[in-house]
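Undergrad: Take a look at the following structure, please.
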Amino acid sequence: MAVVREFTLPDLGEGLTEAQVVRWLVSVGDVVAVDQPVVEVETAKAMVEVPCPYGGVVTARFGEEGAELPVGAPLLTVAVGESGATGGSAPASGGGGSAARSGGGSGERAGSGDVSGDASGGGAQRGAGAGAEADSGADSGSGGGGEGSGNVLVGYGTQAPSARRRRVRPPVREVGQPAERTPVPGTVAVISPLVRRLARERGVDLSLVRGTGPDGLITRADVEAAAHETQEARAAAAVAGTGAQAGQTARPAARAGRRVAGGRRVSDGLRVPLRGVRGAVAEKLSRSRREIPDATCWVDADATELMAARRAMNASGGAKVSLLALLARICTAALAKYPELNATVDTEAQEIVTLPDVHLGFAAQTERGLVVPVVRDANARNAVELSVEMARLTEAARAGKLSPAELTGGTFTLNNYGVFGVDGSTPILNHPEAAMLGVGRISPKPWVHEGELAVRQVVQLSFTFDHRVCDGGTAGGFLRYVADCVEQPAVLLRSL
């Protein structure tokens with residue numbers, strides 16, 4: 001006899017208490033193996049795939065894509081055992097792995113009511129008020145879950161079943177949704193993540209779309225057609241609802257209240273909630289502005305010799321050295337000369353804490369926004385080692401695979417905004433760090449070189465610092481040393 005086990009959202013470390021469901025990797029009825037990733041979630045630190053510690057058949061899923069779940073909330077239930085491993089679903093009774101059939105909902109989630117109760121009991125109890133909504137229809141096993149699989153991560157271990165289930169908001173039906181569309185039974189046949197993203201952006205419920213591709217696969221054209229149909233129905237409903245106000249025209253469908261790409265459109269525009277990585281960045285920058293009295297100084301430097309030195313390094317063979325890695329090596333040398341800038345302020349103790357090791361953060365732009373991976377013990381690495389590690393972290397950042405540990409603990413930040421084609425910036429410090437070096441684009445400009453006007457490769461360097469930690473003299477000395485190393489890389493030899 002199969003035993004139904006509940007898998008809850010594990011503790012993802014770094015003091016994180018909640019995560020947002022980004023994409024389901026399994027559906028109800030799928031067979032999963034031990035430590036197979038089942039869901040992709042986004043925390044305030046990173047995007048991670050969560051592996052399930054049980055092997056068997058998925059009998060229920062909890063949480064829509066986009067929903068935020070606290071640590072310990074149920075993710076899914078799995079029928080473990082011979083009968084569960086061969087069957088397509090959990091037993092209809094006795095296992096407690098699905099919601100009560102009398103409520104009209106499915107084991108995956110009740111489409112019209114909140115899910116609550118004990119997962120291990122003999123039939124889940126509906127939450128207060130859910131029974132009254134049970135007759136409004138439910139999605140029996142499709143939902144918006146993602147398909148496919150990802151790289152296997154280290155398992156988090158068995159999680160104890162929670163005594164209570166988190167109440168999950170029911171799916172929101174569109175205003176003016178065509179009445180003839182009915183939920184398509186079974187799993188949603190969508191393979192392409194681009195099709196799923198398009199559906200989220202257009203506000204299309206994939207469980208209501210019948211695919212025209214091979215084996216019923218939902219294509220981009222299917223989603224666009226469904227979005228157009230929904231838009232027309234919404235506009236018609238808006239016109240019909242104006243009978244009490246003669247002469248009033250319907251608002252355009254683009255301004256109707258609907259969920260789009262994690263946000264919702266209202267009469268005054270698109271509203272996107274500040275959560276996940278974007279919310280964490282917003283909170284950190286706001287706190288930095290509130291607490292840190294920052295100041296910025298800048299200088300132009302001739303980077304022609306630095307560019308020539310890099311070409312010579314890479315021409316000698318071996319691993320290539322990036323320009324960012326050379327600038328990082330210059331930063332670590334400058335911090336060795338001015339260690340008071342590798343610091344933070346303990347506001348409670350009213351003390352400046354100078355840190356012994358340099359954990360260098362560098363800004364990396366990704367599809368999910370700006371992130372700052374951290375190179376540990378950067379002061380102990382040479383230019384080649386820095387280049388290899390920064391390339392690894394950049395690739396992981398763009399793939400959304402950075403761990404929370406790789407995004408925290410920085411003591412100094414290198415911000416290369418020159419990649420955006422701009423010359424200068426006055427950035428906000430990465431709280432609780434005390435300093436940041438900014439690097440603009442390197443471009444040919446007229447420059448006086450050895451008493452003659454010449455075209456040289458010029459870069460603007462900016463240095464933002466916490467004025468509580470140092471005064472302008474220290475900040476100016478740091479920036480001047482960095483500029484000297486850029487103009488004359490041989491200056492670095494004194495610290496090697």
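Residue numbering restarts at 1 for every chain of the structure tokens, chains are lettered A, B, ... in their displayed order, and ligands are numbered from 1 as they appear.
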As a PyMOL selection string, please: the residues near Leu402 in chain A (cut-off 10 Å, only C-alpha atoms, same-chain neighbours under 2 positions excluded).
TA: chain A and resi 45-48+371+373+392-400+404-407
Undergrad: Output N, CA, C and O atoms for every residue in the selection just made, as a short mmCIF file (atom, residue, chain, number, x, y, z; two decimals), in the first residue's frame.
TA:
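Listing of out-v3.cif after writing:
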```
data_model
loop_
_atom_site.label_atom_id
_atom_site.label_comp_id
_atom_site.auth_asym_id
_atom_site.auth_seq_id
_atom_site.Cartn_x
_atom_site.Cartn_y
_atom_site.Cartn_z
N LYS A 45 17.56 36.27 -2.42
CA LYS A 45 18.98 36.17 -2.74
C LYS A 45 19.24 35.60 -4.12
O LYS A 45 20.17 36.01 -4.81
N ALA A 46 18.48 34.58 -4.51
CA ALA A 46 18.80 33.89 -5.75
C ALA A 46 17.62 33.05 -6.21
O ALA A 46 16.62 32.89 -5.50
N MET A 47 17.76 32.49 -7.43
CA MET A 47 16.80 31.54 -7.99
C MET A 47 17.38 30.14 -7.78
O MET A 47 18.52 29.88 -8.14
N VAL A 48 16.62 29.24 -7.16
CA VAL A 48 17.13 27.90 -6.87
C VAL A 48 16.09 26.86 -7.25
O VAL A 48 14.89 27.13 -7.27
N VAL A 371 22.50 42.11 -10.09
CA VAL A 371 22.94 41.32 -8.94
C VAL A 371 24.41 41.60 -8.71
O VAL A 371 25.12 42.08 -9.60
N PRO A 373 27.46 39.46 -7.48
CA PRO A 373 28.19 38.29 -7.00
C PRO A 373 29.45 38.71 -6.24
O PRO A 373 29.99 39.80 -6.47
N ARG A 392 33.10 32.73 -13.89
CA ARG A 392 32.21 31.68 -13.39
C ARG A 392 30.99 32.28 -12.71
O ARG A 392 29.85 31.85 -12.94
N LEU A 393 31.20 33.28 -11.88
CA LEU A 393 30.09 33.90 -11.16
C LEU A 393 29.16 34.64 -12.12
O LEU A 393 27.94 34.64 -11.93
N THR A 394 29.71 35.27 -13.14
CA THR A 394 28.88 35.99 -14.11
C THR A 394 27.98 35.03 -14.87
O THR A 394 26.79 35.29 -15.06
N GLU A 395 28.54 33.89 -15.28
CA GLU A 395 27.74 32.90 -15.99
C GLU A 395 26.63 32.34 -15.11
O GLU A 395 25.49 32.17 -15.55
N ALA A 396 26.96 32.08 -13.83
CA ALA A 396 25.95 31.57 -12.90
C ALA A 396 24.87 32.62 -12.65
O ALA A 396 23.69 32.29 -12.51
N ALA A 397 25.25 33.89 -12.59
CA ALA A 397 24.28 34.96 -12.36
C ALA A 397 23.30 35.06 -13.52
O ALA A 397 22.09 35.19 -13.31
N ARG A 398 23.79 34.98 -14.74
CA ARG A 398 22.90 35.09 -15.91
C ARG A 398 22.00 33.88 -16.05
O ARG A 398 20.91 33.97 -16.61
N ALA A 399 22.45 32.74 -15.52
CA ALA A 399 21.62 31.54 -15.55
C ALA A 399 20.70 31.45 -14.35
O ALA A 399 19.89 30.53 -14.25
N GLY A 400 20.82 32.41 -13.43
CA GLY A 400 19.98 32.40 -12.23
C GLY A 400 20.35 31.29 -11.27
O GLY A 400 19.50 30.83 -10.50
N PRO A 404 22.80 31.71 -2.39
CA PRO A 404 22.76 32.87 -1.50
C PRO A 404 24.12 33.25 -0.96
O PRO A 404 24.41 34.44 -0.79
N ALA A 405 24.98 32.27 -0.70
CA ALA A 405 26.31 32.56 -0.17
C ALA A 405 27.16 33.33 -1.16
O ALA A 405 28.05 34.09 -0.77
N GLU A 406 26.89 33.14 -2.48
CA GLU A 406 27.67 33.84 -3.50
C GLU A 406 27.17 35.25 -3.76
O GLU A 406 27.75 35.98 -4.57
N LEU A 407 26.11 35.64 -3.08
CA LEU A 407 25.55 36.98 -3.26
C LEU A 407 25.63 37.82 -1.99
O LEU A 407 25.11 38.94 -1.97
#
```
Undergrad: As an NGL selection string, list the residues of range 225-463 of chain A assigned to strand (DSSP E) by DSSP on the backbone atoms of this structure.
TA: :A and (258-260 or 263-266 or 269-271 or 294-302 or 343-346 or 351-354 or 360-362 or 364-366 or 369-371 or 374-375 or 412-415 or 435-439 or 443-449 or 452-463)
Undergrad: So that I have them on file, write out the residues from the current selection with C-alpha atoms, as a PDB file, in the first residue's frame.
TA:
```pdb
ATOM      1  CA  ARG A 258      -5.599  42.046 -14.923  1.00  0.00           C
ATOM      2  CA  ARG A 259      -2.487  40.149 -13.832  1.00  0.00           C
ATOM      3  CA  VAL A 260       0.476  40.620 -16.178  1.00  0.00           C
ATOM      4  CA  GLY A 263       1.931  42.415 -11.730  1.00  0.00           C
ATOM      5  CA  ARG A 264      -1.529  43.802 -12.440  1.00  0.00           C
ATOM      6  CA  ARG A 265      -2.875  46.529 -14.683  1.00  0.00           C
ATOM      7  CA  VAL A 266      -5.124  49.114 -13.091  1.00  0.00           C
ATOM      8  CA  GLY A 269      -0.885  51.822 -15.060  1.00  0.00           C
ATOM      9  CA  LEU A 270       0.946  48.558 -14.490  1.00  0.00           C
ATOM     10  CA  ARG A 271       1.722  47.621 -10.884  1.00  0.00           C
ATOM     11  CA  ASP A 294      27.928  59.005   1.054  1.00  0.00           C
ATOM     12  CA  ALA A 295      30.070  61.237  -1.141  1.00  0.00           C
ATOM     13  CA  THR A 296      31.597  60.748  -4.583  1.00  0.00           C
ATOM     14  CA  CYS A 297      34.794  61.980  -6.218  1.00  0.00           C
ATOM     15  CA  TRP A 298      36.042  61.173  -9.714  1.00  0.00           C
ATOM     16  CA  VAL A 299      39.019  61.531 -12.041  1.00  0.00           C
ATOM     17  CA  ASP A 300      39.818  60.904 -15.722  1.00  0.00           C
ATOM     18  CA  ALA A 301      42.633  58.470 -16.426  1.00  0.00           C
ATOM     19  CA  ASP A 302      44.572  57.423 -19.524  1.00  0.00           C
ATOM     20  CA  ALA A 343      35.187  48.421   6.447  1.00  0.00           C
ATOM     21  CA  THR A 344      31.655  48.752   7.717  1.00  0.00           C
ATOM     22  CA  VAL A 345      29.942  50.773  10.424  1.00  0.00           C
ATOM     23  CA  ASP A 346      28.323  49.083  13.419  1.00  0.00           C
ATOM     24  CA  GLU A 351      32.093  51.681  15.840  1.00  0.00           C
ATOM     25  CA  ILE A 352      33.945  51.439  12.542  1.00  0.00           C
ATOM     26  CA  VAL A 353      34.858  47.802  11.868  1.00  0.00           C
ATOM     27  CA  THR A 354      37.862  47.337   9.568  1.00  0.00           C
ATOM     28  CA  LEU A 360      35.019  41.810  -3.717  1.00  0.00           C
ATOM     29  CA  GLY A 361      31.543  42.264  -5.140  1.00  0.00           C
ATOM     30  CA  PHE A 362      31.043  43.252  -8.770  1.00  0.00           C
ATOM     31  CA  ALA A 364      26.401  41.994 -13.067  1.00  0.00           C
ATOM     32  CA  GLN A 365      23.333  42.759 -15.178  1.00  0.00           C
ATOM     33  CA  THR A 366      20.982  39.831 -15.777  1.00  0.00           C
ATOM     34  CA  GLY A 369      17.904  42.643 -12.801  1.00  0.00           C
ATOM     35  CA  LEU A 370      21.159  43.767 -11.246  1.00  0.00           C
ATOM     36  CA  VAL A 371      22.936  41.318  -8.944  1.00  0.00           C
ATOM     37  CA  VAL A 374      31.045  38.186  -4.481  1.00  0.00           C
ATOM     38  CA  VAL A 375      34.598  36.937  -5.071  1.00  0.00           C
ATOM     39  CA  PHE A 412      33.902  46.315  -1.343  1.00  0.00           C
ATOM     40  CA  THR A 413      32.159  46.655  -4.726  1.00  0.00           C
ATOM     41  CA  LEU A 414      33.516  47.232  -8.231  1.00  0.00           C
ATOM     42  CA  ASN A 415      30.847  48.744 -10.493  1.00  0.00           C
ATOM     43  CA  ALA A 435      33.154  52.169  -0.498  1.00  0.00           C
ATOM     44  CA  MET A 436      32.634  51.446  -4.199  1.00  0.00           C
ATOM     45  CA  LEU A 437      34.774  52.069  -7.286  1.00  0.00           C
ATOM     46  CA  GLY A 438      32.905  52.943 -10.482  1.00  0.00           C
ATOM     47  CA  VAL A 439      34.408  52.518 -13.953  1.00  0.00           C
ATOM     48  CA  SER A 443      36.874  55.478 -25.346  1.00  0.00           C
ATOM     49  CA  PRO A 444      39.330  57.382 -27.568  1.00  0.00           C
ATOM     50  CA  LYS A 445      39.618  61.042 -26.587  1.00  0.00           C
ATOM     51  CA  PRO A 446      42.093  63.895 -27.119  1.00  0.00           C
ATOM     52  CA  TRP A 447      44.668  63.790 -24.305  1.00  0.00           C
ATOM     53  CA  VAL A 448      47.929  65.544 -23.557  1.00  0.00           C
ATOM     54  CA  HIS A 449      50.555  62.787 -23.527  1.00  0.00           C
ATOM     55  CA  GLU A 452      51.810  66.504 -27.029  1.00  0.00           C
ATOM     56  CA  LEU A 453      48.144  66.355 -27.910  1.00  0.00           C
ATOM     57  CA  ALA A 454      47.253  62.775 -28.847  1.00  0.00           C
ATOM     58  CA  VAL A 455      44.281  60.441 -29.093  1.00  0.00           C
ATOM     59  CA  ARG A 456      44.346  58.136 -26.053  1.00  0.00           C
ATOM     60  CA  GLN A 457      42.026  55.574 -24.455  1.00  0.00           C
ATOM     61  CA  VAL A 458      40.474  57.537 -21.591  1.00  0.00           C
ATOM     62  CA  VAL A 459      38.282  56.281 -18.751  1.00  0.00           C
ATOM     63  CA  GLN A 460      36.476  58.120 -15.968  1.00  0.00           C
ATOM     64  CA  LEU A 461      36.848  56.581 -12.506  1.00  0.00           C
ATOM     65  CA  SER A 462      34.475  57.454  -9.664  1.00  0.00           C
ATOM     66  CA  PHE A 463      34.830  56.608  -6.012  1.00  0.00           C
TER      67      PHE A 463
END
```
Undergrad: Which residue is closest to Leu335 in chain A? Choose from A:Asp357, A:Glu201, A:Glu283, A:Glu224 and count only C-alpha atoms.
TA: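 The shortest atom-to-atom distance to Leu335 in chain A comes from A:Asp357.
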Undergrad: Just list as a ChimeraX atom specification whatever in range 284-373 of chain A DSSP marks as helix (DSSP H, G or I).
TA: /A:284-291,304-315,323-337,339-341
